$ cat entry.txt   # compact mmCIF, C-alpha atoms
# COMPACT_ATOMS: atom_id res chain seq x y z
CA MET A 8 0.00 0.00 0.00
CA GLN A 9 2.78 2.39 0.91
CA LYS A 10 4.59 1.72 -2.37
CA MET A 11 1.39 2.53 -4.23
CA PHE A 12 1.14 5.90 -2.47
CA LYS A 13 4.78 6.65 -3.29
CA THR A 14 4.21 5.98 -6.99
CA LEU A 15 1.24 8.37 -7.15
CA SER A 16 2.24 11.80 -8.42
CA HIS A 17 0.54 15.07 -7.55
CA LEU A 18 -1.11 14.97 -10.98
CA HIS A 19 -2.73 11.59 -10.27
CA VAL A 20 -3.91 12.69 -6.83
CA VAL A 21 -5.40 15.99 -8.00
CA VAL A 22 -7.14 14.57 -11.08
CA GLY A 23 -8.35 11.56 -9.10
CA THR A 24 -9.72 13.76 -6.32
CA LEU A 25 -11.49 15.98 -8.84
CA PHE A 26 -13.05 12.93 -10.51
CA ILE A 27 -14.27 11.46 -7.23
CA ALA A 28 -15.62 14.81 -5.96
CA THR A 29 -17.40 15.51 -9.26
CA LEU A 30 -18.89 12.02 -9.35
CA TYR A 31 -20.06 12.34 -5.72
CA VAL A 32 -21.74 15.72 -6.29
CA THR A 33 -23.39 14.47 -9.50
CA ILE A 34 -24.80 11.34 -7.88
CA CYS A 35 -25.99 13.18 -4.77
CA ASN A 36 -27.66 15.85 -6.89
CA LEU A 37 -29.43 13.46 -9.28
CA PHE A 38 -30.33 10.42 -7.21
CA PHE A 39 -31.06 11.72 -3.70
CA ALA A 40 -34.28 13.60 -3.03
CA GLU A 41 -34.47 16.97 -1.30
CA GLY A 42 -34.47 16.57 2.44
CA SER A 43 -32.06 13.67 2.30
CA PHE A 44 -28.82 14.05 4.23
CA LEU A 45 -26.84 13.17 1.09
CA HIS A 46 -28.72 15.49 -1.27
CA VAL A 47 -26.67 18.25 -2.93
CA SER A 48 -28.92 21.15 -3.94
CA ASP A 49 -28.75 22.99 -7.26
CA TYR A 50 -27.57 26.10 -5.44
CA THR A 51 -24.70 24.13 -3.88
CA VAL A 52 -23.77 22.72 -7.29
CA SER A 53 -23.47 26.27 -8.69
CA LEU A 54 -21.50 27.32 -5.60
CA PHE A 55 -19.05 24.45 -6.04
CA GLY A 56 -18.74 25.36 -9.71
CA LYS A 57 -17.77 28.90 -8.69
CA TYR A 58 -15.16 27.53 -6.30
CA LEU A 59 -13.64 25.46 -9.11
CA CYS A 60 -13.47 28.57 -11.30
CA TYR A 61 -11.55 30.30 -8.53
CA ALA A 62 -9.28 27.25 -8.24
CA LEU A 63 -8.49 27.47 -11.97
CA LEU A 64 -7.76 31.19 -11.57
CA ALA A 65 -5.45 30.52 -8.59
CA LEU A 66 -3.65 27.89 -10.66
CA ALA A 67 -2.98 30.52 -13.33
CA VAL A 68 -1.61 32.95 -10.73
CA ASP A 69 0.65 30.28 -9.19
CA LEU A 70 2.06 29.43 -12.61
CA VAL A 71 3.55 32.92 -13.02
CA TRP A 72 4.19 33.80 -9.39
CA GLY A 73 5.33 30.49 -7.95
CA TYR A 74 7.38 29.25 -10.90
CA CYS A 75 8.39 32.44 -12.71
CA GLY A 76 8.59 34.87 -9.81
CA ILE A 77 6.20 37.35 -11.43
CA LEU A 78 3.94 38.75 -8.72
CA SER A 79 0.99 39.75 -10.89
CA LEU A 80 -1.64 41.94 -9.28
CA GLY A 81 -3.55 42.17 -12.54
CA HIS A 82 -4.86 38.69 -13.22
CA GLY A 83 -8.32 40.02 -12.42
CA ALA A 84 -8.13 41.75 -15.83
CA PHE A 85 -7.60 38.48 -17.71
CA PHE A 86 -10.31 36.75 -15.68
CA THR A 87 -12.80 39.55 -16.38
CA LEU A 88 -11.99 39.78 -20.10
CA GLY A 89 -12.74 36.08 -20.45
CA GLY A 90 -15.95 36.67 -18.52
CA TYR A 91 -16.99 39.52 -20.81
CA ALA A 92 -16.37 37.36 -23.90
CA MET A 93 -18.79 34.79 -22.47
CA GLY A 94 -21.19 37.53 -21.35
CA MET A 95 -21.37 39.05 -24.84
CA TYR A 96 -22.24 35.64 -26.28
CA LEU A 97 -24.91 35.04 -23.63
CA MET A 98 -26.42 38.50 -24.22
CA ARG A 99 -26.83 37.71 -27.91
CA GLN A 100 -28.62 34.48 -27.02
CA ILE A 101 -31.40 36.47 -25.32
CA GLY A 102 -32.72 37.68 -28.67
CA ASP A 103 -36.19 39.26 -28.53
CA ARG A 104 -36.81 37.97 -24.99
CA GLY A 105 -35.25 41.09 -23.47
CA VAL A 106 -37.18 43.91 -21.81
CA TYR A 107 -37.32 45.93 -25.03
CA GLY A 108 -37.88 42.96 -27.33
CA ASN A 109 -35.12 43.93 -29.78
CA PRO A 110 -33.82 40.76 -31.51
CA ASP A 111 -30.45 42.28 -32.43
CA LEU A 112 -29.46 44.71 -29.68
CA PRO A 113 -29.03 43.97 -25.95
CA ASP A 114 -31.32 45.93 -23.64
CA PHE A 115 -28.65 48.35 -22.45
CA MET A 116 -27.91 49.39 -26.05
CA VAL A 117 -31.60 50.03 -26.71
CA PHE A 118 -31.80 52.07 -23.51
CA LEU A 119 -28.83 54.18 -24.68
CA SER A 120 -30.57 54.72 -28.06
CA TRP A 121 -27.97 52.80 -30.05
CA THR A 122 -29.17 51.73 -33.49
CA GLU A 123 -26.63 49.03 -34.33
CA LEU A 124 -24.10 46.74 -32.75
CA PRO A 125 -20.54 48.08 -32.34
CA TRP A 126 -17.98 46.51 -34.63
CA PHE A 127 -16.36 44.53 -31.81
CA TRP A 128 -19.70 42.78 -31.12
CA ALA A 129 -19.70 41.34 -34.64
CA GLY A 130 -19.79 37.56 -34.49
CA SER A 131 -20.59 37.51 -30.76
CA SER A 132 -23.67 35.35 -31.39
CA SER A 133 -21.41 32.43 -32.38
CA ILE A 134 -20.14 30.04 -29.73
CA PHE A 135 -16.95 29.57 -31.75
CA TRP A 136 -16.34 33.33 -31.71
CA MET A 137 -16.84 33.28 -27.94
CA ILE A 138 -14.36 30.43 -27.42
CA ALA A 139 -11.79 32.21 -29.60
CA MET A 140 -12.22 35.51 -27.74
CA VAL A 141 -11.87 33.80 -24.35
CA PHE A 142 -8.31 32.90 -25.38
CA ILE A 143 -7.44 35.77 -27.72
CA GLY A 144 -8.61 38.64 -25.49
CA PRO A 145 -6.61 37.83 -22.34
CA GLY A 146 -3.76 36.31 -24.34
CA LEU A 147 -3.31 39.37 -26.56
CA LEU A 148 -3.39 41.75 -23.60
CA ALA A 149 -0.83 39.62 -21.76
CA TYR A 150 1.40 39.47 -24.83
CA VAL A 151 1.37 43.24 -25.43
CA PHE A 152 1.85 44.11 -21.76
CA GLY A 153 4.44 41.38 -21.16
CA SER A 154 6.46 42.24 -24.25
CA MET A 155 6.80 45.87 -23.21
CA ALA A 156 7.44 45.17 -19.53
CA PHE A 157 9.79 42.19 -19.73
CA ARG A 158 11.86 43.50 -22.61
CA SER A 159 12.35 46.67 -20.60
CA ARG A 160 13.46 44.39 -17.73
CA VAL A 161 10.82 45.71 -15.36
CA SER A 162 10.53 43.39 -12.38
CA GLY A 163 9.74 43.19 -8.69
CA VAL A 164 7.41 45.67 -7.05
CA TYR A 165 7.46 47.95 -10.11
CA LEU A 166 6.00 45.19 -12.27
CA SER A 167 3.35 44.44 -9.64
CA ILE A 168 2.30 48.09 -9.56
CA MET A 169 2.13 48.19 -13.36
CA THR A 170 -0.14 45.13 -13.50
CA GLN A 171 -2.39 46.66 -10.86
CA ALA A 172 -2.49 49.97 -12.74
CA MET A 173 -3.45 48.12 -15.93
CA THR A 174 -6.36 46.43 -14.16
CA TYR A 175 -7.54 49.66 -12.58
CA ALA A 176 -7.42 51.48 -15.93
CA LEU A 177 -9.54 48.77 -17.53
CA MET A 178 -12.04 48.98 -14.69
CA LEU A 179 -12.46 52.74 -15.21
CA ALA A 180 -12.81 52.24 -18.97
CA PHE A 181 -15.44 49.51 -18.69
CA PHE A 182 -17.50 51.64 -16.29
CA ARG A 183 -18.13 54.09 -19.17
CA ASN A 184 -21.32 53.50 -21.18
CA GLU A 185 -19.56 54.50 -24.40
CA MET A 186 -17.39 51.39 -24.22
CA GLY A 187 -20.36 49.24 -25.19
CA PHE A 188 -20.15 46.69 -22.38
CA GLY A 189 -23.09 47.70 -20.24
CA GLY A 190 -21.35 50.34 -18.15
CA ASN A 191 -21.82 50.15 -14.40
CA ASN A 192 -24.43 47.36 -14.59
CA GLY A 193 -22.38 45.14 -16.85
CA LEU A 194 -23.98 42.18 -18.63
CA THR A 195 -26.71 40.14 -16.98
CA ASP A 196 -30.22 38.62 -17.34
CA PHE A 197 -28.85 35.68 -19.32
CA LYS A 198 -31.35 33.11 -20.58
CA GLU A 199 -29.51 30.20 -22.15
CA ILE A 200 -26.19 28.83 -23.32
CA ALA A 201 -25.81 26.75 -26.49
CA GLY A 202 -29.59 26.29 -26.53
CA PHE A 203 -29.88 25.08 -22.93
CA SER A 204 -31.67 27.14 -20.28
CA LEU A 205 -29.40 28.43 -17.54
CA GLN A 206 -32.23 28.00 -15.03
CA GLU A 207 -32.46 24.25 -15.55
CA PRO A 208 -30.77 22.12 -12.85
CA SER A 209 -29.29 19.87 -15.54
CA THR A 210 -27.53 22.87 -17.14
CA LYS A 211 -26.09 23.95 -13.79
CA LEU A 212 -24.80 20.43 -13.17
CA ALA A 213 -23.33 20.27 -16.69
CA LEU A 214 -21.50 23.57 -16.14
CA PHE A 215 -20.10 22.25 -12.86
CA ILE A 216 -18.82 19.09 -14.59
CA ILE A 217 -17.32 21.11 -17.47
CA THR A 218 -15.54 23.36 -14.96
CA ALA A 219 -14.11 20.34 -13.14
CA VAL A 220 -12.87 18.89 -16.46
CA ALA A 221 -11.36 22.26 -17.43
CA LEU A 222 -9.55 22.44 -14.08
CA ALA A 223 -8.17 18.93 -14.54
CA ILE A 224 -6.94 19.75 -18.06
CA ALA A 225 -5.44 23.05 -16.87
CA TYR A 226 -3.64 21.24 -14.06
CA TRP A 227 -2.24 18.70 -16.51
CA ILE A 228 -1.05 21.49 -18.82
CA SER A 229 0.52 23.43 -15.94
CA ASN A 230 2.20 20.31 -14.57
CA TYR A 231 3.56 19.48 -18.03
CA ILE A 232 4.89 23.02 -18.46
CA VAL A 233 6.71 23.22 -15.12
CA ASN A 234 8.34 19.83 -15.68
CA SER A 235 9.38 20.52 -19.27
CA LYS A 236 12.66 22.05 -20.42
CA MET A 237 10.95 25.42 -20.86
CA GLY A 238 9.55 25.13 -17.36
CA ARG A 239 12.99 24.50 -15.92
CA VAL A 240 14.31 27.57 -17.73
CA VAL A 241 11.42 29.60 -16.31
CA THR A 242 12.18 28.38 -12.79
CA ALA A 243 15.87 29.13 -13.28
CA THR A 244 14.91 32.63 -14.41
CA ARG A 245 13.00 33.09 -11.17
CA ASP A 246 16.01 32.05 -9.09
CA ALA A 247 18.88 33.62 -11.04
CA GLU A 248 17.86 35.58 -14.13
CA SER A 249 21.31 37.05 -14.75
CA ARG A 250 22.89 33.58 -14.86
CA VAL A 251 20.24 32.35 -17.30
CA ARG A 252 20.96 35.34 -19.51
CA PHE A 253 24.72 34.67 -19.25
CA VAL A 254 24.25 31.05 -20.41
CA GLY A 255 22.63 32.31 -23.60
CA TYR A 256 18.88 32.19 -22.98
CA LYS A 257 16.59 35.20 -23.33
CA PRO A 258 14.51 35.24 -20.13
CA GLU A 259 12.09 37.83 -21.46
CA HIS A 260 10.86 35.40 -24.13
CA TYR A 261 10.12 32.74 -21.54
CA LYS A 262 8.44 35.26 -19.25
CA VAL A 263 6.15 36.46 -22.02
CA TRP A 264 5.33 32.88 -22.96
CA ILE A 265 4.39 31.78 -19.44
CA PHE A 266 2.53 35.06 -18.83
CA VAL A 267 0.36 34.52 -21.92
CA VAL A 268 -0.44 30.91 -20.99
CA SER A 269 -1.40 32.01 -17.48
CA ALA A 270 -3.61 34.80 -18.85
CA MET A 271 -5.44 32.35 -21.11
CA LEU A 272 -6.11 30.02 -18.18
CA ALA A 273 -7.49 32.97 -16.23
CA GLY A 274 -9.70 33.86 -19.20
CA VAL A 275 -11.13 30.33 -19.28
CA ALA A 276 -11.87 30.60 -15.55
CA GLY A 277 -13.74 33.87 -16.16
CA ALA A 278 -15.74 32.41 -19.04
CA LEU A 279 -16.88 29.44 -16.93
CA TYR A 280 -17.64 31.72 -13.99
CA VAL A 281 -20.14 33.98 -15.75
CA PRO A 282 -22.93 31.51 -16.68
CA GLN A 283 -22.80 30.04 -13.17
CA VAL A 284 -23.20 33.35 -11.32
CA GLY A 285 -25.34 35.07 -13.97
CA ILE A 286 -23.56 38.42 -14.21
CA ILE A 287 -20.31 40.11 -15.20
CA ASN A 288 -19.59 43.78 -14.46
CA PRO A 289 -16.57 46.12 -14.20
CA GLY A 290 -16.34 45.45 -10.47
CA GLU A 291 -14.54 42.21 -11.31
CA PHE A 292 -11.61 44.36 -12.52
CA SER A 293 -11.16 45.69 -8.98
CA PRO A 294 -7.50 45.52 -7.84
CA LEU A 295 -8.76 44.12 -4.55
CA ASN A 296 -9.89 40.98 -6.37
CA SER A 297 -6.43 40.50 -7.87
CA ILE A 298 -4.84 40.88 -4.45
CA GLU A 299 -7.23 38.27 -3.06
CA MET A 300 -6.11 35.85 -5.77
CA VAL A 301 -2.51 36.20 -4.60
CA ILE A 302 -3.65 35.54 -1.03
CA TRP A 303 -5.31 32.28 -2.19
CA VAL A 304 -1.99 31.09 -3.58
CA ALA A 305 0.00 32.21 -0.54
CA ILE A 306 -2.36 30.46 1.87
CA GLY A 307 -2.59 27.28 -0.19
CA GLY A 308 1.10 27.06 -0.94
CA ARG A 309 3.08 28.86 -3.60
CA CYS A 310 5.01 26.84 -6.18
CA THR A 311 3.04 23.62 -5.73
CA LEU A 312 0.10 24.00 -8.18
CA TYR A 313 -2.15 21.85 -6.04
CA GLY A 314 -1.58 24.26 -3.15
CA ALA A 315 -3.13 27.05 -5.23
CA ILE A 316 -6.25 24.93 -5.74
CA ILE A 317 -6.48 24.15 -2.02
CA GLY A 318 -6.04 27.79 -1.07
CA ALA A 319 -8.69 29.06 -3.49
CA ILE A 320 -11.29 26.53 -2.36
CA VAL A 321 -10.57 26.91 1.38
CA VAL A 322 -10.58 30.72 1.35
CA SER A 323 -13.65 30.90 -0.92
CA TYR A 324 -15.58 28.54 1.34
CA ALA A 325 -14.51 30.53 4.40
CA LYS A 326 -15.67 33.71 2.68
CA THR A 327 -19.07 32.20 1.96
CA ARG A 328 -19.54 31.12 5.56
CA PHE A 329 -17.99 34.20 7.19
CA THR A 330 -19.84 36.79 5.10
CA ALA A 331 -23.13 35.15 6.04
CA ILE A 332 -22.33 35.67 9.73
CA MET A 333 -20.26 38.87 9.83
CA PRO A 334 -19.99 40.36 6.32
CA GLU A 335 -18.33 43.60 7.46
CA ALA A 336 -15.51 41.71 9.21
CA TRP A 337 -14.51 39.43 6.33
CA LEU A 338 -11.61 41.56 5.07
CA PHE A 339 -10.14 41.72 8.56
CA ALA A 340 -10.44 37.94 8.88
CA LEU A 341 -8.80 37.44 5.48
CA GLY A 342 -5.92 39.75 6.38
CA GLY A 343 -5.43 38.01 9.71
CA LEU A 344 -5.45 34.60 8.04
CA PHE A 345 -2.83 35.76 5.54
CA VAL A 346 -0.58 37.09 8.32
CA LEU A 347 -0.90 33.90 10.38
CA VAL A 348 -0.10 31.67 7.41
CA THR A 349 2.87 33.84 6.47
CA LEU A 350 4.30 33.66 9.99
CA LEU A 351 3.46 30.08 10.93
CA LEU A 352 3.17 28.31 7.57
CA PRO A 353 5.56 29.96 5.09
CA LYS A 354 4.91 27.11 2.62
CA GLY A 355 1.15 27.37 3.05
CA ILE A 356 -1.31 24.58 3.65
CA ALA A 357 0.43 22.43 1.06
CA GLY A 358 3.60 22.56 3.16
CA LEU A 359 1.85 20.54 5.85
CA LEU A 360 0.94 17.63 3.60
CA PRO A 361 4.40 16.01 3.20
CA ASN A 362 4.91 16.09 6.97
CA LEU A 363 1.52 14.52 7.54
CA PHE A 364 2.20 11.73 5.06
CA ASP A 365 5.58 11.07 6.67
CA LYS A 366 3.99 10.79 10.10
CA MET A 367 1.18 8.51 8.93
CA SER A 368 2.09 4.94 9.81
CA MET A 369 -1.23 3.27 9.15
CA PHE A 370 -0.05 2.09 5.78
CA LYS A 371 3.03 0.41 7.18
CA SER A 372 2.65 -2.59 9.47
CA ASP A 373 5.15 -3.55 12.15
CA GLU A 374 6.10 -6.58 10.08
CA SER A 375 6.98 -4.47 7.07
CA LYS A 376 9.10 -2.23 9.29
CA GLU A 377 11.04 -5.25 10.59
CA LEU A 378 11.60 -6.51 7.03
CA GLU A 379 12.98 -3.12 5.99
CA VAL A 380 15.40 -3.10 8.95
CA LYS A 381 16.47 -6.66 8.12
CA ASP A 382 17.05 -5.79 4.45
CA LYS A 383 19.17 -2.80 5.44
CA LYS A 384 21.31 -4.96 7.76
CA GLU A 385 21.84 -7.58 5.05
CA ALA A 386 22.79 -4.91 2.52
CA THR A 387 25.30 -3.39 4.96
CA THR A 388 26.81 -6.81 5.69
CA ALA A 389 27.20 -7.56 1.98
CA GLU A 390 28.97 -4.25 1.42
CA VAL A 391 31.42 -4.99 4.26
CA LYS A 392 32.23 -8.45 2.84
$ encode --input "entry.txt" --output "structure tokens"
Amino acid sequence: MQKMFKTLSHLHVVVGTLFIATLYVTICNLFFAEGSFLHVSDYTVSLFGKYLCYALLALAVDLVWGYCGILSLGHGAFFTLGGYAMGMYLMRQIGDRGVYGNPDLPDFMVFLSWTELPWFWAGSSSIFWMIAMVFIGPGLLAYVFGSMAFRSRVSGVYLSIMTQAMTYALMLAFFRNEMGFGGNNGLTDFKEIAGFSLQEPSTKLALFIITAVALAIAYWISNYIVNSKMGRVVTATRDAESRVRFVGYKPEHYKVWIFVVSAMLAGVAGALYVPQVGIINPGEFSPLNSIEMVIWVAIGGRCTLYGAIIGAIVVSYAKTRFTAIMPEAWLFALGGLFVLVTLLLPKGIAGLLPNLFDKMSMFKSDESKELEVKDKKEATTAEVK
């Protein structure tokens, strides 16, 4: 049994846990009636789906911060751009079922007396356009910003401030009605996605399952990247960029590459988030949200991938419970939790897991321990002879 646990990698454990959790929620939602202890309500399914979106977002942040050393305080921008791409598609699916009954224009455009769709809304009624924009929007922004910043060798706190400034500028821009994204109210009142009603329990469950699959795929991609040759160069850049440059590599190219991949993952998280919560507005650009994402990773465990997932889910669940009891005190609780983890658990929650597994002896019987000691003695004797 112990050998089996040793052969399991983090990838196997994470994907396996996601599969089991998704299967459990699905079965409990479909086959247990309301009132049953095992029943998982439709609201809880949507809530879990939101947590998984946050976990995917935290994974994207950990990829650039934990492995590349880029402390980004602007990943809320990539997350929100992906959300707006999905929101534009969902708004077009409303058709003439809106308040004003216009089959071509969303309600907020009719209210503002617009007569036609802006050019950047062209094609937004297609699901393929939406999927492309979820990747292209955040990816293009990350490429432009990263190219300018990394080639200018901006790093450290200056880079963090620049990413935060970028997010704040986008928030102010999207608040304006002239931008064509709904202004202060954003995009909401969605009806369906790909022909399926968003109010149906089956659609909510399907979105939860799709989010879990997306998280598993994203984890596999991230794990592959950090263990590849490029990933090792990225990690070396984090630890000693000048040495990497002296060897002959161009760190800025690797930084841009990993930054774009991370932004795309954040965009996917935002796109999956919107149909499950039913709204997207400029408030998601708030720098405070980006700071909270970093706190997820720090609490879960930076530079572990699975730690980012743990941190996002644990903190999000705590926020749900705490805000229901004392909503005005949540930020103080979050700050206190971050300080405690920083002081007492510098490696985060994930740093506890190896120690726990080492201390667990239930998988090793006394007989197996004696055999190991005997084998070591025989090996030592053979070496002496």
$ closest_residue --input "entry.txt" --among "A:Met155, A:Ala129, A:Leu177, A:Ala28" --to "Glu259 of chain A" --atoms "all atoms listed in the file"
A:Met155
$ residues_around --input "entry.txt" --residues "Ala278 of chain A" --least-positions-apart "4" --cutoff "8 Å" --atoms "only C-alpha atoms" --output "JSON, numbers by chain"
{"A": [86, 89, 90, 91, 92, 93, 94, 141, 274, 282]}
$ residues_around --input "entry.txt" --residues "Ser249 of chain A" --least-positions-apart "6" --cutoff "12 Å" --atoms "all atoms listed in the file" --output "VMD selection string"
chain A and resid 160 243 255 to 259
$ closest_residue --input "entry.txt" --among "A:Leu70, A:Leu352, A:Val275, A:Leu59" --to "Val233 of chain A" --atoms "all atoms listed in the file"
A:Leu70
$ residues_near_point --input "entry.txt" --point "(-9.0, 30.0, -8.3)" --cutoff "8 Å" --atoms "all atoms listed in the file" --output "list of chain:residue names"
A:Tyr58, A:Leu59, A:Cys60, A:Tyr61, A:Ala62, A:Leu63, A:Leu64, A:Ala65, A:Leu66, A:Ala67, A:Ala276, A:Met300, A:Trp303, A:Ala315, A:Ile316, A:Ala319, A:Ile320
$ closest_residue --input "entry.txt" --among "A:Phe188, A:Phe152, A:Trp227, A:Trp72" --to "Leu112 of chain A" --atoms "all atoms listed in the file"
A:Phe188
$ closest_residue --input "entry.txt" --among "A:Gly355, A:Ala340, A:Met95, A:Val71" --to "Arg328 of chain A" --atoms "all atoms listed in the file"
A:Ala340
